[in-house]
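For reference, start.cif is printed below; it contains mmCIF, C-alpha atoms.
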data_structure
#
loop_
_atom_site.group_PDB
_atom_site.id
_atom_site.type_symbol
_atom_site.label_atom_id
_atom_site.label_comp_id
_atom_site.auth_asym_id
_atom_site.auth_seq_id
_atom_site.Cartn_x
_atom_site.Cartn_y
_atom_site.Cartn_z
ATOM 1 C CA MET A 1 -11.153 14.668 -20.994
ATOM 2 C CA THR A 2 -8.705 11.976 -22.069
ATOM 3 C CA LEU A 3 -6.111 10.521 -19.718
ATOM 4 C CA THR A 4 -2.545 11.287 -20.833
ATOM 5 C CA LEU A 5 0.199 9.012 -19.510
ATOM 6 C CA ARG A 6 3.923 9.744 -19.252
ATOM 7 C CA PRO A 7 6.108 6.847 -18.046
ATOM 8 C CA LEU A 8 8.292 7.635 -15.032
ATOM 9 C CA HIS A 9 10.141 4.287 -14.858
ATOM 10 C CA PRO A 10 11.155 1.703 -17.477
ATOM 11 C CA LEU A 11 8.992 -1.027 -15.903
ATOM 12 C CA PHE A 12 6.006 0.659 -14.225
ATOM 13 C CA VAL A 13 4.722 4.025 -12.887
ATOM 14 C CA ALA A 14 3.300 6.824 -15.027
ATOM 15 C CA GLU A 15 2.289 10.427 -14.535
ATOM 16 C CA ALA A 16 -1.418 10.795 -15.346
ATOM 17 C CA THR A 17 -2.829 14.103 -16.530
ATOM 18 C CA GLY A 18 -5.969 15.179 -18.346
ATOM 19 C CA LEU A 19 -8.543 14.388 -15.627
ATOM 20 C CA ASP A 20 -9.925 17.005 -13.256
ATOM 21 C CA LEU A 21 -10.670 14.979 -10.141
ATOM 22 C CA HIS A 22 -12.583 17.851 -8.547
ATOM 23 C CA ARG A 23 -15.468 16.704 -10.735
ATOM 24 C CA PRO A 24 -17.100 13.266 -10.729
ATOM 25 C CA ILE A 25 -15.499 11.011 -13.314
ATOM 26 C CA THR A 26 -17.633 9.151 -15.830
ATOM 27 C CA PRO A 27 -17.758 5.335 -16.137
ATOM 28 C CA ASP A 28 -15.674 5.618 -19.305
ATOM 29 C CA GLN A 29 -13.041 7.653 -17.486
ATOM 30 C CA ALA A 30 -13.035 5.153 -14.621
ATOM 31 C CA ALA A 31 -12.463 2.343 -17.135
ATOM 32 C CA GLU A 32 -9.596 4.346 -18.608
ATOM 33 C CA VAL A 33 -7.982 4.684 -15.171
ATOM 34 C CA HIS A 34 -8.361 0.942 -14.549
ATOM 35 C CA ARG A 35 -6.663 0.159 -17.894
ATOM 36 C CA ALA A 36 -3.799 2.480 -17.029
ATOM 37 C CA MET A 37 -3.468 0.874 -13.599
ATOM 38 C CA ASP A 38 -3.352 -2.587 -15.172
ATOM 39 C CA GLN A 39 -0.434 -1.446 -17.304
ATOM 40 C CA TYR A 40 1.563 0.775 -14.923
ATOM 41 C CA ALA A 41 0.401 -0.291 -11.403
ATOM 42 C CA VAL A 42 1.279 3.184 -10.028
ATOM 43 C CA LEU A 43 -0.219 6.448 -11.336
ATOM 44 C CA VAL A 44 0.836 9.931 -10.226
ATOM 45 C CA PHE A 45 -1.881 12.589 -10.630
ATOM 46 C CA PRO A 46 -0.112 15.938 -10.045
ATOM 47 C CA GLY A 47 -1.778 19.190 -9.022
ATOM 48 C CA GLN A 48 -5.029 17.720 -7.672
ATOM 49 C CA SER A 49 -6.056 20.056 -4.820
ATOM 50 C CA LEU A 50 -8.687 17.706 -3.434
ATOM 51 C CA ASP A 51 -10.603 17.875 -0.187
ATOM 52 C CA ASP A 52 -11.624 14.782 1.747
ATOM 53 C CA ASP A 53 -15.020 14.494 0.047
ATOM 54 C CA THR A 54 -13.686 14.682 -3.508
ATOM 55 C CA GLN A 55 -10.929 12.196 -2.710
ATOM 56 C CA MET A 56 -13.507 9.795 -1.311
ATOM 57 C CA ASP A 57 -15.721 10.304 -4.365
ATOM 58 C CA PHE A 58 -12.861 9.422 -6.710
ATOM 59 C CA GLY A 59 -12.284 6.235 -4.726
ATOM 60 C CA ARG A 60 -15.948 5.252 -4.889
ATOM 61 C CA ALA A 61 -15.921 5.802 -8.661
ATOM 62 C CA LEU A 62 -13.242 3.112 -8.993
ATOM 63 C CA GLY A 63 -14.377 0.502 -6.481
ATOM 64 C CA THR A 64 -15.513 -0.374 -2.976
ATOM 65 C CA LEU A 65 -13.953 1.538 -0.092
ATOM 66 C CA GLU A 66 -12.421 -0.436 2.746
ATOM 67 C CA PRO A 67 -14.739 -0.060 5.746
ATOM 68 C CA THR A 68 -12.052 -0.301 8.462
ATOM 69 C CA ARG A 69 -8.547 1.008 9.155
ATOM 70 C CA GLY A 70 -5.635 -1.027 10.502
ATOM 71 C CA VAL A 71 -4.426 1.258 13.295
ATOM 72 C CA VAL A 72 -3.978 1.410 17.048
ATOM 73 C CA ASP A 73 -6.079 3.859 19.070
ATOM 74 C CA ALA A 74 -8.651 3.812 16.265
ATOM 75 C CA HIS A 75 -10.977 6.066 18.277
ATOM 76 C CA LYS A 76 -8.429 8.906 18.052
ATOM 77 C CA HIS A 77 -9.253 9.907 14.495
ATOM 78 C CA ARG A 78 -8.979 13.541 13.390
ATOM 79 C CA LEU A 79 -10.447 13.204 9.881
ATOM 80 C CA LYS A 80 -14.041 13.638 8.746
ATOM 81 C CA HIS A 81 -14.469 10.129 7.298
ATOM 82 C CA GLN A 82 -13.846 7.002 9.364
ATOM 83 C CA GLU A 83 -12.828 5.114 6.204
ATOM 84 C CA MET A 84 -10.062 7.619 5.333
ATOM 85 C CA ASN A 85 -6.593 6.686 6.591
ATOM 86 C CA ASP A 86 -4.634 9.426 8.355
ATOM 87 C CA ILE A 87 -1.031 8.944 7.179
ATOM 88 C CA SER A 88 0.375 11.833 9.166
ATOM 89 C CA ASN A 89 2.351 12.727 12.274
ATOM 90 C CA LEU A 90 -0.489 14.808 13.715
ATOM 91 C CA ASP A 91 -2.773 14.241 16.695
ATOM 92 C CA THR A 92 -6.503 14.995 16.856
ATOM 93 C CA ASP A 93 -5.731 18.674 17.574
ATOM 94 C CA GLY A 94 -3.479 18.963 14.524
ATOM 95 C CA LYS A 95 -0.300 19.091 16.640
ATOM 96 C CA LEU A 96 2.796 16.964 16.116
ATOM 97 C CA LEU A 97 2.552 13.580 17.815
ATOM 98 C CA ALA A 98 4.715 13.221 20.914
ATOM 99 C CA ALA A 99 7.893 11.231 20.375
ATOM 100 C CA ASP A 100 6.625 8.401 22.592
ATOM 101 C CA ASP A 101 3.015 8.364 21.326
ATOM 102 C CA ARG A 102 2.068 4.758 20.532
ATOM 103 C CA ARG A 103 0.443 5.912 17.293
ATOM 104 C CA ARG A 104 3.820 7.284 16.180
ATOM 105 C CA MET A 105 5.620 4.090 17.241
ATOM 106 C CA PHE A 106 3.087 1.969 15.370
ATOM 107 C CA ALA A 107 3.268 4.171 12.249
ATOM 108 C CA LEU A 108 7.016 3.602 11.980
ATOM 109 C CA GLY A 109 6.027 0.242 10.477
ATOM 110 C CA ASN A 110 5.021 2.136 7.318
ATOM 111 C CA ARG A 111 8.743 2.411 6.562
ATOM 112 C CA LEU A 112 8.895 -1.351 6.009
ATOM 113 C CA TRP A 113 8.179 -2.735 2.538
ATOM 114 C CA HIS A 114 4.535 -3.774 2.593
ATOM 115 C CA SER A 115 1.266 -4.168 0.715
ATOM 116 C CA ASP A 116 -1.665 -2.300 2.261
ATOM 117 C CA SER A 117 -4.172 -4.458 4.136
ATOM 118 C CA SER A 118 -2.524 -7.763 3.285
ATOM 119 C CA PHE A 119 -3.326 -8.431 6.960
ATOM 120 C CA LYS A 120 -7.069 -8.452 6.150
ATOM 121 C CA SER A 121 -8.894 -11.530 4.875
ATOM 122 C CA THR A 122 -9.917 -9.547 1.790
ATOM 123 C CA PRO A 123 -6.905 -7.306 1.213
ATOM 124 C CA ALA A 124 -6.596 -4.000 -0.608
ATOM 125 C CA LEU A 125 -7.047 -3.303 -4.297
ATOM 126 C CA TYR A 126 -5.890 0.299 -4.840
ATOM 127 C CA SER A 127 -4.511 2.841 -2.397
ATOM 128 C CA MET A 128 -4.914 6.568 -3.129
ATOM 129 C CA LEU A 129 -2.566 8.797 -1.137
ATOM 130 C CA HIS A 130 -2.958 12.586 -1.343
ATOM 131 C CA ALA A 131 -0.353 15.119 -0.190
ATOM 132 C CA ARG A 132 -1.862 17.986 1.828
ATOM 133 C CA VAL A 133 1.258 19.134 3.737
ATOM 134 C CA ILE A 134 4.764 17.831 3.021
ATOM 135 C CA PRO A 135 8.077 18.356 4.853
ATOM 136 C CA PRO A 136 10.862 20.342 3.149
ATOM 137 C CA GLU A 137 12.938 17.179 2.756
ATOM 138 C CA GLY A 138 12.506 13.448 3.250
ATOM 139 C CA GLY A 139 9.183 11.645 3.503
ATOM 140 C CA GLU A 140 9.329 10.156 0.007
ATOM 141 C CA THR A 141 7.449 6.981 -0.880
ATOM 142 C CA GLU A 142 9.147 4.103 -2.689
ATOM 143 C CA PHE A 143 7.390 1.513 -4.829
ATOM 144 C CA ALA A 144 8.532 -1.884 -6.135
ATOM 145 C CA ASP A 145 7.136 -3.816 -9.108
ATOM 146 C CA MET A 146 6.246 -7.362 -8.016
ATOM 147 C CA ARG A 147 5.376 -8.507 -11.544
ATOM 148 C CA ALA A 148 8.811 -7.603 -12.834
ATOM 149 C CA ALA A 149 10.351 -9.202 -9.746
ATOM 150 C CA TRP A 150 8.509 -12.456 -10.500
ATOM 151 C CA ASP A 151 9.569 -12.380 -14.144
ATOM 152 C CA ALA A 152 13.219 -12.068 -13.099
ATOM 153 C CA LEU A 153 13.199 -15.123 -10.804
ATOM 154 C CA PRO A 154 14.913 -18.268 -12.135
ATOM 155 C CA ASP A 155 12.450 -20.913 -13.333
ATOM 156 C CA LYS A 156 13.561 -23.300 -10.588
ATOM 157 C CA GLU A 157 12.751 -20.696 -7.923
ATOM 158 C CA LYS A 158 9.386 -19.931 -9.518
ATOM 159 C CA ALA A 159 8.461 -23.607 -9.344
ATOM 160 C CA ARG A 160 9.576 -23.812 -5.704
ATOM 161 C CA VAL A 161 7.583 -20.846 -4.367
ATOM 162 C CA ARG A 162 4.548 -20.774 -6.649
ATOM 163 C CA ASN A 163 2.128 -22.707 -4.438
ATOM 164 C CA PHE A 164 3.070 -21.458 -0.962
ATOM 165 C CA THR A 165 0.643 -19.606 1.282
ATOM 166 C CA THR A 166 1.663 -17.177 4.018
ATOM 167 C CA TRP A 167 0.193 -15.712 7.202
ATOM 168 C CA HIS A 168 -0.096 -11.925 7.535
ATOM 169 C CA SER A 169 -0.710 -9.678 10.537
ATOM 170 C CA LEU A 170 0.068 -6.147 11.695
ATOM 171 C CA ILE A 171 1.467 -7.808 14.808
ATOM 172 C CA TYR A 172 4.093 -9.559 12.666
ATOM 173 C CA SER A 173 5.265 -6.395 10.905
ATOM 174 C CA ARG A 174 5.445 -4.288 14.066
ATOM 175 C CA ALA A 175 7.285 -7.069 15.891
ATOM 176 C CA GLN A 176 10.213 -6.386 13.559
ATOM 177 C CA LEU A 177 10.476 -2.982 15.270
ATOM 178 C CA GLY A 178 9.916 -4.303 18.783
ATOM 179 C CA PHE A 179 6.394 -2.860 19.047
ATOM 180 C CA ASP A 180 3.990 -5.017 21.078
ATOM 181 C CA ALA A 181 1.817 -2.502 22.961
ATOM 182 C CA TYR A 182 -1.630 -3.760 21.949
ATOM 183 C CA THR A 183 -4.936 -3.824 23.721
ATOM 184 C CA GLU A 184 -6.797 -7.128 23.826
ATOM 185 C CA GLU A 185 -9.284 -5.746 21.299
ATOM 186 C CA GLU A 186 -6.451 -4.852 18.919
ATOM 187 C CA LYS A 187 -4.912 -8.298 19.257
ATOM 188 C CA LYS A 188 -8.208 -9.853 18.172
ATOM 189 C CA ALA A 189 -8.605 -7.383 15.289
ATOM 190 C CA PHE A 190 -5.058 -8.106 14.082
ATOM 191 C CA ALA A 191 -5.345 -11.918 14.148
ATOM 192 C CA PRO A 192 -3.280 -13.481 11.299
ATOM 193 C CA VAL A 193 -4.897 -14.228 7.935
ATOM 194 C CA GLN A 194 -3.731 -16.492 5.126
ATOM 195 C CA GLN A 195 -2.768 -15.258 1.639
ATOM 196 C CA ARG A 196 -1.166 -16.660 -1.495
ATOM 197 C CA LEU A 197 2.539 -15.948 -1.923
ATOM 198 C CA VAL A 198 2.171 -15.832 -5.706
ATOM 199 C CA ARG A 199 -0.937 -14.569 -7.457
ATOM 200 C CA ARG A 200 -2.139 -13.772 -10.946
ATOM 201 C CA HIS A 201 -2.963 -10.121 -11.552
ATOM 202 C CA PRO A 202 -6.381 -10.221 -13.214
ATOM 203 C CA GLY A 203 -6.190 -7.008 -15.228
ATOM 204 C CA SER A 204 -2.860 -7.674 -16.921
ATOM 205 C CA GLY A 205 -2.849 -11.468 -16.692
ATOM 206 C CA ARG A 206 0.699 -11.304 -15.339
ATOM 207 C CA VAL A 207 1.972 -13.327 -12.378
ATOM 208 C CA SER A 208 3.097 -11.384 -9.314
ATOM 209 C CA LEU A 209 4.788 -12.044 -6.007
ATOM 210 C CA TYR A 210 2.580 -11.063 -3.064
ATOM 211 C CA LEU A 211 5.037 -10.032 -0.383
ATOM 212 C CA SER A 212 4.680 -7.798 2.659
ATOM 213 C CA ALA A 213 6.345 -6.971 5.959
ATOM 214 C CA HIS A 214 3.083 -8.258 7.460
ATOM 215 C CA ILE A 215 4.130 -11.865 6.699
ATOM 216 C CA GLY A 216 5.063 -13.766 9.865
ATOM 217 C CA ARG A 217 5.173 -17.369 8.727
ATOM 218 C CA VAL A 218 4.901 -19.586 5.675
ATOM 219 C CA GLU A 219 2.358 -22.397 5.815
ATOM 220 C CA GLY A 220 4.031 -25.806 6.073
ATOM 221 C CA MET A 221 7.541 -24.498 6.827
ATOM 222 C CA PRO A 222 9.424 -23.979 10.101
ATOM 223 C CA VAL A 223 9.150 -20.283 10.934
ATOM 224 C CA PRO A 224 12.878 -19.413 10.597
ATOM 225 C CA GLU A 225 13.182 -21.231 7.279
ATOM 226 C CA GLY A 226 10.022 -19.677 5.900
ATOM 227 C CA MET A 227 10.943 -16.181 7.010
ATOM 228 C CA MET A 228 14.422 -16.533 5.517
ATOM 229 C CA MET A 229 12.764 -17.370 2.212
ATOM 230 C CA ILE A 230 10.510 -14.303 2.514
ATOM 231 C CA ARG A 231 13.514 -12.110 3.307
ATOM 232 C CA ASP A 232 15.417 -13.439 0.292
ATOM 233 C CA LEU A 233 12.433 -12.842 -1.982
ATOM 234 C CA THR A 234 11.926 -9.323 -0.607
ATOM 235 C CA GLU A 235 15.592 -8.456 -1.148
ATOM 236 C CA HIS A 236 15.302 -9.713 -4.715
ATOM 237 C CA ALA A 237 12.027 -7.838 -5.333
ATOM 238 C CA THR A 238 13.220 -4.480 -3.978
ATOM 239 C CA GLN A 239 16.535 -4.186 -5.770
ATOM 240 C CA PRO A 240 16.981 -0.815 -7.542
ATOM 241 C CA ALA A 241 15.980 -2.053 -11.003
ATOM 242 C CA PHE A 242 12.457 -2.783 -9.738
ATOM 243 C CA THR A 243 11.906 0.345 -7.615
ATOM 244 C CA TYR A 244 10.754 3.940 -8.044
ATOM 245 C CA ARG A 245 11.044 6.724 -5.455
ATOM 246 C CA HIS A 246 8.349 9.396 -5.512
ATOM 247 C CA GLN A 247 9.380 12.892 -4.429
ATOM 248 C CA TRP A 248 6.122 14.385 -3.197
ATOM 249 C CA LYS A 249 4.774 17.758 -4.226
ATOM 250 C CA LYS A 250 1.775 19.359 -2.556
ATOM 251 C CA ASP A 251 -1.508 18.161 -4.124
ATOM 252 C CA ASP A 252 0.020 15.036 -5.684
ATOM 253 C CA LEU A 253 -2.386 12.112 -5.672
ATOM 254 C CA VAL A 254 -0.625 8.769 -6.103
ATOM 255 C CA VAL A 255 -2.666 5.645 -6.778
ATOM 256 C CA TRP A 256 -1.098 2.190 -6.609
ATOM 257 C CA ASP A 257 -2.226 -1.393 -7.056
ATOM 258 C CA ASN A 258 -1.505 -3.390 -3.893
ATOM 259 C CA ARG A 259 -1.939 -6.684 -5.735
ATOM 260 C CA CYS A 260 1.316 -6.254 -7.649
ATOM 261 C CA THR A 261 3.434 -3.637 -5.853
ATOM 262 C CA LEU A 262 5.198 -3.086 -2.555
ATOM 263 C CA HIS A 263 5.737 0.349 -1.061
ATOM 264 C CA ARG A 264 7.326 2.024 1.943
ATOM 265 C CA GLY A 265 7.596 5.531 3.369
ATOM 266 C CA ARG A 266 10.991 7.119 3.943
ATOM 267 C CA ALA A 267 12.241 8.958 7.009
ATOM 268 C CA TYR A 268 11.852 12.687 7.650
ATOM 269 C CA GLU A 269 12.155 14.956 10.700
ATOM 270 C CA ASP A 270 8.746 14.106 12.087
ATOM 271 C CA SER A 271 9.426 15.828 15.407
ATOM 272 C CA VAL A 272 9.971 19.139 13.572
ATOM 273 C CA TYR A 273 7.858 19.218 10.408
ATOM 274 C CA PRO A 274 4.207 18.259 9.861
ATOM 275 C CA ARG A 275 3.402 15.759 7.119
ATOM 276 C CA ASP A 276 -0.307 15.505 6.337
ATOM 277 C CA MET A 277 -1.116 12.681 3.904
ATOM 278 C CA ARG A 278 -4.565 11.137 3.515
ATOM 279 C CA ARG A 279 -5.277 7.742 2.017
ATOM 280 C CA VAL A 280 -8.412 6.228 0.554
ATOM 281 C CA THR A 281 -8.144 2.459 0.131
ATOM 282 C CA LEU A 282 -10.243 0.216 -2.088
ATOM 283 C CA GLN A 283 -11.089 -3.342 -1.111
ATOM 284 C CA ASP A 284 -10.259 -6.242 -3.428
ATOM 285 C CA VAL A 285 -13.047 -8.501 -4.700
ATOM 286 C CA ALA A 286 -12.248 -11.562 -2.532
ATOM 287 C CA PRO A 287 -9.562 -13.204 -0.360
ATOM 288 C CA THR A 288 -6.523 -14.217 -2.388
ATOM 289 C CA LEU A 289 -7.181 -17.917 -1.741
ATOM 290 C CA GLU A 290 -10.538 -17.536 -3.517
ATOM 291 C CA GLN A 291 -8.986 -15.869 -6.556
ATOM 292 C CA GLN A 292 -7.339 -17.492 -9.571
ATOM 293 C CA ALA A 293 -4.094 -19.235 -8.714
ATOM 294 C CA ALA A 294 -0.926 -18.280 -10.533
#
As structure tokens - that is how I would like this structure written.
Amino acid sequence: MTLTLRPLHPLFVAEATGLDLHRPITPDQAAEVHRAMDQYAVLVFPGQSLDDDTQMDFGRALGTLEPTRGVVDAHKHRLKHQEMNDISNLDTDGKLLAADDRRRMFALGNRLWHSDSSFKSTPALYSMLHARVIPPEGGETEFADMRAAWDALPDKEKARVRNFTTWHSLIYSRAQLGFDAYTEEEKKAFAPVQQRLVRRHPGSGRVSLYLSAHIGRVEGMPVPEGMMMIRDLTEHATQPAFTYRHQWKKDDLVVWDNRCTLHRGRAYEDSVYPRDMRRVTLQDVAPTLEQQAA
């Protein structure tokens, strides 16, 4: 079947229909998805009632799955596959997490604008989030187009920021919320890694900002000055003209390119309603410092 694309935003994001993801996709279909991702950066596949195995299979058809998850209490995992990220408010028994559960406190960081796994030496390529159970209101996901944000910067600002590198860690993003309850093992696992601030997106050839709430300092700058620059760039990059808000429907599968987008979850009554979302994440080909400079 042929992929049919319907734009959902003037700059990026398209609804993708025509593929039945319950069945293995062919190499030609995978190439078609990659071309669509290069153009739109975010694809919404509606009405895909996948189970964990078929979601994992779709991920493997497009790239290499990330082998680890960036979470606290990693041993408390309720899903079948260790590589699958549990983006929910449920404990291992399927009950709502307690209000003071450290997993819930840590997960609040998903409401900050971020790029998945920018805190890993080799960060994420695509993320694939599937809606199993959604609350009656709230819980949307917002996306921002970092290529369009770069294009809109003044030339003088582009020249100023183009060659900076930044340090990323889950500890940095959660510190913005006052969370610091880590084990020694988690502190080692979340040690900061260095990434480019500006990168060239290989599929489209376009230049993109590479921002994230996981940034905690800019190489070669005093921390307050560097973080003020990151805040200014993030405010510029997430203004309404560059953003899209996805209102989830059950069985939506949304795939986004972490190399050229930011995203964040929105609030919902997580002490009242379950929200069961499951994410498969693909690993990029190499650390950003080993990839082509912008």
Selected residue of minimal separation from Glu186 (chain A) among A:Lys156, A:Arg199, A:His75, A:His130, counting only C-alpha atoms:
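When distances to Glu186 (chain A) are compared using only C-alpha atoms, the smallest one comes from A:His75.
Once the PyMOL selection byres ((chain A and resi 85-89) around 7) is applied to the depicted file, the selected set reads A:Arg69, A:Glu83, A:Met84, A:Leu90, A:Asp91, A:Leu96, A:Leu97, A:Arg104, A:Asp270, A:Pro274, A:Arg275, A:Asp276, A:Met277, A:Arg278, A:Arg279, A:Val280.
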Could you produce a table of the residues of region 22-78 of chain A lying within 7 Å of region 250-255 of chain A, with the nearest pair of atoms per residue and their separation in Å rounded to one decimal, using only C-alpha atoms, ordered by chain and increasing residue number, as a tab-separated table?
residue	atom	partner	partner_atom	distance
A:Val42	CA	A:Val255	CA	5.7
A:Leu43	CA	A:Val255	CA	5.2
A:Val44	CA	A:Val254	CA	4.5
A:Phe45	CA	A:Leu253	CA	5.0
A:Pro46	CA	A:Asp252	CA	4.5
A:Gly47	CA	A:Asp251	CA	5.0
A:Gln48	CA	A:Asp251	CA	5.0
A:Ser49	CA	A:Asp251	CA	5.0
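Take the candidates A:Arg6, A:Asp101, A:Asp28, A:Arg266 and check each one against Ala181 (chain A) using all atoms listed in the file; the shortest distance goes to A:Asp101.
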Could you tell me how far CA of Lys76 (chain A) sits from CA of Met128 (chain A), in Å to one decimal place?
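Distance between the two atoms: 21.6 Å.
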Measure the distance from CA of Phe106 (chain A) to CA of Pro240 (chain A) in Å and round it to one decimal.
26.9 Å
Coords for region 158-177 of chain A, N, CA and C atoms, as an mmCIF file, in the first residue's frame:
data_model
loop_
_atom_site.group_PDB
_atom_site.id
_atom_site.type_symbol
_atom_site.label_atom_id
_atom_site.label_comp_id
_atom_site.auth_asym_id
_atom_site.auth_seq_id
_atom_site.Cartn_x
_atom_site.Cartn_y
_atom_site.Cartn_z
ATOM 1 N N LYS A 158 22.733 33.397 14.020
ATOM 2 C CA LYS A 158 23.182 32.118 13.478
ATOM 3 C C LYS A 158 24.697 31.996 13.550
ATOM 4 N N ALA A 159 25.396 33.045 13.164
ATOM 5 C CA ALA A 159 26.858 33.015 13.194
ATOM 6 C C ALA A 159 27.379 32.883 14.617
ATOM 7 N N ARG A 160 26.686 33.491 15.571
ATOM 8 C CA ARG A 160 27.138 33.463 16.969
ATOM 9 C C ARG A 160 27.006 32.078 17.583
ATOM 10 N N VAL A 161 25.913 31.361 17.297
ATOM 11 C CA VAL A 161 25.634 30.117 18.017
ATOM 12 C C VAL A 161 26.042 28.866 17.251
ATOM 13 N N ARG A 162 26.400 28.999 16.000
ATOM 14 C CA ARG A 162 26.549 27.839 15.119
ATOM 15 C C ARG A 162 27.536 26.794 15.642
ATOM 16 N N ASN A 163 28.620 27.222 16.250
ATOM 17 C CA ASN A 163 29.691 26.277 16.593
ATOM 18 C C ASN A 163 29.741 25.896 18.070
ATOM 19 N N PHE A 164 28.747 26.282 18.851
ATOM 20 C CA PHE A 164 28.741 25.919 20.268
ATOM 21 C C PHE A 164 28.444 24.438 20.456
ATOM 22 N N THR A 165 28.972 23.879 21.549
ATOM 23 C CA THR A 165 28.560 22.568 22.024
ATOM 24 C C THR A 165 27.982 22.721 23.421
ATOM 25 N N THR A 166 27.123 21.772 23.803
ATOM 26 C CA THR A 166 26.416 21.848 25.076
ATOM 27 C C THR A 166 26.539 20.515 25.809
ATOM 28 N N TRP A 167 26.266 20.551 27.103
ATOM 29 C CA TRP A 167 26.303 19.348 27.937
ATOM 30 C C TRP A 167 24.893 19.006 28.380
ATOM 31 N N HIS A 168 24.518 17.725 28.200
ATOM 32 C CA HIS A 168 23.153 17.262 28.448
ATOM 33 C C HIS A 168 23.157 16.185 29.529
ATOM 34 N N SER A 169 22.129 16.214 30.377
ATOM 35 C CA SER A 169 21.941 15.168 31.377
ATOM 36 C C SER A 169 20.502 15.209 31.883
ATOM 37 N N LEU A 170 19.974 14.037 32.241
ATOM 38 C CA LEU A 170 18.676 13.986 32.914
ATOM 39 C C LEU A 170 18.725 14.723 34.247
ATOM 40 N N ILE A 171 19.888 14.744 34.875
ATOM 41 C CA ILE A 171 20.025 15.454 36.144
ATOM 42 C C ILE A 171 19.786 16.944 35.942
ATOM 43 N N TYR A 172 20.262 17.494 34.821
ATOM 44 C CA TYR A 172 20.045 18.913 34.538
ATOM 45 C C TYR A 172 18.569 19.233 34.344
ATOM 46 N N SER A 173 17.858 18.427 33.561
ATOM 47 C CA SER A 173 16.450 18.739 33.302
ATOM 48 C C SER A 173 15.612 18.604 34.568
ATOM 49 N N ARG A 174 15.843 17.555 35.339
ATOM 50 C CA ARG A 174 15.033 17.371 36.556
ATOM 51 C C ARG A 174 15.386 18.385 37.635
ATOM 52 N N ALA A 175 16.596 18.923 37.598
ATOM 53 C CA ALA A 175 16.959 19.965 38.559
ATOM 54 C C ALA A 175 16.082 21.194 38.404
ATOM 55 N N GLN A 176 15.570 21.435 37.213
ATOM 56 C CA GLN A 176 14.672 22.574 36.998
ATOM 57 C C GLN A 176 13.387 22.431 37.800
ATOM 58 N N LEU A 177 13.041 21.188 38.159
ATOM 59 C CA LEU A 177 11.839 20.912 38.948
ATOM 60 C C LEU A 177 12.156 20.638 40.404
#
